[in-house]
Structure formats: C-alpha cells, structure tokens
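**Q** So that you have it, the file is protein-v6.txt, and it contains compact mmCIF, C-alpha atoms:
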# COMPACT_ATOMS: atom_id res chain seq x y z
CA MET A 1 0.00 0.00 0.00
CA ARG A 2 2.69 2.43 -1.06
CA LYS A 3 2.01 6.03 -1.97
CA MET A 4 2.34 6.89 -5.63
CA TYR A 5 5.54 8.80 -6.41
CA LYS A 6 3.80 11.33 -8.66
CA GLU A 7 0.62 11.73 -6.63
CA ASP A 8 -0.71 14.41 -8.97
CA ARG A 9 -1.12 11.68 -11.61
CA GLN A 10 -3.15 9.35 -9.40
CA MET A 11 -6.73 8.84 -10.56
CA SER A 12 -9.58 8.81 -8.11
CA HIS A 13 -10.64 5.29 -7.18
CA ALA A 14 -13.92 5.71 -9.07
CA LYS A 15 -12.17 6.92 -12.24
CA ALA A 16 -9.62 4.10 -12.03
CA GLU A 17 -12.40 1.52 -11.71
CA GLU A 18 -14.31 3.02 -14.65
CA ALA A 19 -11.24 3.06 -16.91
CA PHE A 20 -10.23 -0.45 -15.82
CA ALA A 21 -13.69 -1.88 -16.44
CA ALA A 22 -13.59 -0.49 -19.99
CA GLY A 23 -10.30 -2.26 -20.77
CA ASN A 24 -9.97 -5.83 -21.95
CA HIS A 25 -6.34 -6.96 -21.73
CA GLY A 26 -3.55 -6.68 -19.24
CA ILE A 27 -0.69 -8.53 -17.57
CA LEU A 28 -1.15 -11.02 -14.75
CA ALA A 29 1.94 -11.40 -12.57
CA VAL A 30 2.37 -14.23 -10.07
CA ASN A 31 5.28 -15.84 -8.23
CA GLY A 32 6.91 -18.26 -10.63
CA ASP A 33 9.51 -20.96 -10.24
CA GLU A 34 12.55 -20.33 -8.02
CA GLY A 35 11.24 -16.95 -6.91
CA TYR A 36 11.16 -15.45 -10.40
CA PRO A 37 8.08 -13.41 -11.29
CA TYR A 38 5.89 -14.85 -14.02
CA ALA A 39 3.89 -12.29 -16.00
CA VAL A 40 1.51 -13.28 -18.76
CA PRO A 41 -0.77 -11.22 -21.03
CA VAL A 42 -4.44 -12.09 -20.64
CA ASN A 43 -7.94 -10.85 -21.37
CA TYR A 44 -9.99 -9.89 -18.35
CA ILE A 45 -13.35 -8.81 -17.03
CA TYR A 46 -13.53 -6.43 -14.06
CA GLU A 47 -16.75 -6.76 -12.09
CA ASP A 48 -17.71 -5.97 -8.49
CA GLY A 49 -14.13 -5.40 -7.35
CA LYS A 50 -12.90 -8.65 -8.86
CA ILE A 51 -10.77 -9.39 -11.92
CA TYR A 52 -11.76 -12.51 -13.85
CA ILE A 53 -9.45 -14.27 -16.27
CA HIS A 54 -10.04 -17.37 -18.38
CA SER A 55 -7.28 -19.95 -18.63
CA ALA A 56 -6.41 -23.50 -19.49
CA LYS A 57 -6.95 -25.75 -16.49
CA TYR A 58 -3.28 -26.77 -16.39
CA GLY A 59 0.06 -25.10 -16.95
CA TYR A 60 2.64 -22.79 -15.45
CA LYS A 61 0.13 -20.11 -14.43
CA ILE A 62 -2.09 -22.60 -12.58
CA ASP A 63 0.92 -24.25 -10.90
CA ALA A 64 2.20 -20.86 -9.71
CA ILE A 65 -1.21 -19.84 -8.34
CA GLN A 66 -1.56 -23.09 -6.42
CA LYS A 67 1.83 -22.46 -4.76
CA ASN A 68 1.24 -18.79 -3.91
CA ASN A 69 -2.07 -16.99 -4.31
CA LYS A 70 -0.73 -13.42 -4.31
CA ALA A 71 -1.08 -11.66 -7.65
CA CYS A 72 -0.56 -8.34 -9.35
CA PHE A 73 -2.45 -7.23 -12.43
CA THR A 74 -1.71 -4.24 -14.59
CA ALA A 75 -3.36 -2.75 -17.65
CA ILE A 76 -2.41 0.12 -19.91
CA LEU A 77 -5.77 1.46 -20.94
CA ASN A 78 -4.76 4.30 -23.21
CA SER A 79 -1.35 5.32 -24.42
CA LYS A 80 -0.19 7.85 -26.95
CA ILE A 81 3.28 9.30 -27.50
CA VAL A 82 3.25 13.10 -27.42
CA GLN A 83 6.39 13.83 -29.38
CA ASN A 84 6.48 17.60 -29.01
CA LYS A 85 6.35 17.22 -25.21
CA VAL A 86 8.72 14.22 -25.12
CA THR A 87 6.28 12.26 -23.00
CA ALA A 88 3.36 9.91 -23.21
CA ALA A 89 -0.29 10.53 -22.51
CA PHE A 90 -1.61 7.43 -20.75
CA GLN A 91 -3.95 5.81 -18.28
CA SER A 92 -2.92 2.68 -16.43
CA VAL A 93 -4.16 0.64 -13.51
CA ILE A 94 -2.39 -1.68 -11.11
CA ALA A 95 -4.32 -4.06 -8.87
CA THR A 96 -3.03 -6.40 -6.20
CA GLY A 97 -4.84 -9.13 -4.34
CA THR A 98 -5.23 -12.84 -3.95
CA ILE A 99 -6.13 -15.10 -6.82
CA GLU A 100 -8.20 -18.25 -6.77
CA ILE A 101 -9.62 -20.78 -9.18
CA VAL A 102 -13.41 -20.38 -9.35
CA GLU A 103 -15.26 -23.65 -8.77
CA ASP A 104 -18.86 -22.37 -8.69
CA GLU A 105 -20.44 -23.38 -12.01
CA GLU A 106 -22.90 -20.47 -12.06
CA ILE A 107 -20.13 -17.89 -11.59
CA ARG A 108 -17.94 -19.64 -14.17
CA ARG A 109 -20.71 -19.53 -16.78
CA HIS A 110 -21.56 -15.91 -15.94
CA VAL A 111 -17.94 -14.85 -16.37
CA LEU A 112 -17.51 -16.65 -19.69
CA GLU A 113 -20.73 -15.05 -20.94
CA GLN A 114 -19.43 -11.62 -19.89
CA PHE A 115 -16.32 -12.25 -21.99
CA ILE A 116 -18.57 -12.93 -24.99
CA TYR A 117 -20.67 -9.80 -24.43
CA LYS A 118 -17.56 -7.63 -24.01
CA MET A 119 -15.14 -9.11 -26.54
CA THR A 120 -17.44 -10.31 -29.34
CA PRO A 121 -20.63 -8.24 -29.17
CA ASP A 122 -21.39 -8.95 -32.84
CA PHE A 123 -21.11 -12.72 -32.33
CA ILE A 124 -23.31 -13.40 -29.26
CA GLU A 125 -25.11 -16.50 -30.55
CA GLY A 126 -21.90 -18.17 -31.75
CA GLY A 127 -20.11 -17.01 -28.63
CA MET A 128 -22.67 -18.67 -26.37
CA LYS A 129 -22.22 -21.92 -28.31
CA PHE A 130 -18.50 -21.57 -27.69
CA VAL A 131 -19.14 -21.08 -23.95
CA ASN A 132 -21.21 -24.26 -23.84
CA GLY A 133 -18.40 -26.22 -25.49
CA ALA A 134 -15.52 -24.63 -23.56
CA ILE A 135 -16.87 -24.35 -20.03
CA GLY A 136 -15.74 -27.82 -18.96
CA LYS A 137 -12.24 -27.25 -20.35
CA THR A 138 -11.71 -23.72 -19.08
CA ALA A 139 -10.47 -22.50 -15.72
CA ILE A 140 -11.82 -19.20 -14.43
CA LEU A 141 -9.45 -17.28 -12.20
CA CYS A 142 -10.59 -14.54 -9.84
CA ILE A 143 -8.39 -11.88 -8.31
CA ASN A 144 -10.01 -10.53 -5.17
CA VAL A 145 -8.71 -6.98 -5.44
CA GLU A 146 -7.22 -5.60 -2.24
CA GLU A 147 -5.77 -2.46 -3.78
CA LEU A 148 -6.47 -0.72 -7.08
CA LYS A 149 -4.62 2.38 -8.21
CA GLY A 150 -4.94 4.25 -11.44
CA LYS A 151 -2.43 6.66 -12.90
CA GLU A 152 -2.75 9.05 -15.80
CA ASN A 153 -0.82 11.70 -17.64
CA MET A 154 -3.12 13.72 -19.78
CA ALA A 155 -0.34 15.47 -21.73
CA GLU A 156 -2.77 15.27 -24.65
CA SER A 157 -6.38 14.21 -24.45
CA PHE A 158 -7.80 11.08 -26.01
CA ASP A 159 -11.12 9.35 -25.81
CA VAL A 160 -11.47 7.06 -22.80
What would you get if you wrote out this structure as structure tokens?
**A**
Amino acid sequence: MRKMYKEDRQMSHAKAEEAFAAGNHGILAVNGDEGYPYAVPVNYIYEDGKIYIHSAKYGYKIDAIQKNNKACFTAILNSKIVQNKVTAAFQSVIATGTIEIVEDEEIRRHVLEQFIYKMTPDFIEGGMKFVNGAIGKTAILCINVEELKGKENMAESFDV
C-alpha cells in the first residue's frame, strides 16, 4: 500500500475503476519458479471489485497460483506518444490481491458469458455456443482486489 511517487497523476478510485472496467487486456503477474516473477498477457473482465481471467486448467500459471495466491495485475488502458512534449499521454491501472480458481459453475458460466458480451458483441449466438463447449475445459481465475490504483498523464487528451 505504497504512496504513488507522482501523486498528482493518481486517478480517483472511481475513475480508475471506470477506466479499468472499460479495458480488456492486461498482464497477470504471479510468483513463478525459483522466486522469479511470471507475467503473462491475458484478457480480463472487471466486475464488483474482482478481476476474472479465463485460462487452461493446467500449466505454469495454474501451478504458480496453487503455490502462492498473491497476484498483481496491470493494464495500460490508453497510451499515446506526445512527441512535441517528449512524453506519453496514458492511463494505467495496477491491482493487487489474492487469486483463486473459481469452482462455482454459475459464476464460471456468468464470467464466460461476460467475456462474450464484451469481446465479441457482434457474435453473441456463436459465442454462447463456444461457452457451452468450452466451459468444462476452461479455468476461471478470480483476483479478489485488495488495492487498485490508477495513474494518468493527460499530456494530450484522447477518448477514454
């Protein structure tokens, strides 16, 4: 729970949540083998203070989570180089918390459906068929967010 170095760039909690919920991909970081961090790009859904990620049921990510359930998640939501100011305009969010594998079938289905609505809004019917076929083969991971901080540099405006 460290203070942000450039506090004037810290977003309000509400603005950080709004920007984060609008995003769709970020980096999940967990404790990997021999103490090395393991960071992997993933798609996500942010809902009710939780980050949901879909995954294969087996692999490095799952092994790491089962050994240590602490996680960090970061997303760059907007980024644009502002050449004449030698900087970048950006919004980013970092969340920390504990991660678990979701076992509840109703929550698992809900989350997969939310991925379809968010990621493939023009393919809902086909997406729901995909959910029905994939649900038994797919792990749903949930980060219970303990801290969420957003940062922005609005050196140049862009649509959020």
**Q** Excluding segment 44-52 of chain A and its own-chain neighbours fewer than 2 positions away, which residues fall within 7 Å of it when counting only C-alpha atoms? Please give them as a ChimeraX atom specification.
**A** /A:21,24-25,42,54,115,140-145
**Q** Just the number, please: distance in Å from atom CA of Gln91 of chain A to atom CA of Met11 of chain A, one decimal.
**A** 8.7 Å
**Q** So which one's closest to Ile99 of chain A, A:Tyr58, A:Tyr38, A:Phe130, A:Phe73? Using only C-alpha atoms, please.
**A** A:Phe73
**Q** For Glu147 of chain A, which of A:Gly26, A:Glu106, A:Ile116, A:Cys72 is the closest residue, counting only C-alpha atoms?
**A**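 Using only C-alpha atoms, the shortest distance to Glu147 of chain A belongs to A:Cys72.
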**Q** At most 12 Å from (-26.9, -14.9, -20.0), file frame, all atoms listed in the file: which residues, as a list in words?
**A**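 Result, sorted by chain then residue number: Glu106, Ile107, Arg108, Arg109, His110, Val111, Leu112, Glu113, Gln114, Phe115, Ile116, Tyr117, Ile124, Glu125, Gly127, Met128, Lys129, Val131 and Asn132 of chain A.
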**Q** What does the distance between atom CA of Ala95 of chain A and atom CA of Gly136 of chain A come to in Å, to one decimal place?
**A**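 Straight-line distance from atom CA of Ala95 of chain A to atom CA of Gly136 of chain A works out to 28.2 Å.
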**Q** Name the closest residue to Met119 of chain A among the candidates A:Pro41, A:Lys3, A:Glu17, A:Gly23; distances are taken between atoms, counting only C-alpha atoms.
**A**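 Once distances to Met119 of chain A are computed over only C-alpha atoms, the minimum belongs to A:Gly23.
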**Q** Please report the interatomic distance between atom CA of Thr98 of chain A and atom CA of Glu146 of chain A in Å with one decimal.
**A**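 Separating atom CA of Thr98 of chain A from atom CA of Glu146 of chain A is a distance of 7.7 Å.
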**Q** Neighbours of Ala16 of chain A within 9 Å (only C-alpha atoms; same-chain residues fewer than 6 positions away dropped), as a PyMOL selection string?
**A** chain A and resi 10+91-93+148-151
**Q** Name the closest residue to Phe20 of chain A among the candidates A:Leu77, A:Gly126, A:Lys57, A:Asn68; distances are taken between atoms, counting all atoms listed in the file.
**A** A:Leu77
**Q** Identify which of the residues A:Thr120, A:Ala71, A:Ile76, A:Ala134 lies closest to Ala89 of chain A, counting only C-alpha atoms when measuring atom-to-atom distances.
**A** A:Ile76
**Q** So, with only C-alpha atoms as the atoms that count, which of A:Ala39, A:Ala56, A:Met154, A:Ile65 lies closest to Lys80 of chain A?
**A** A:Met154
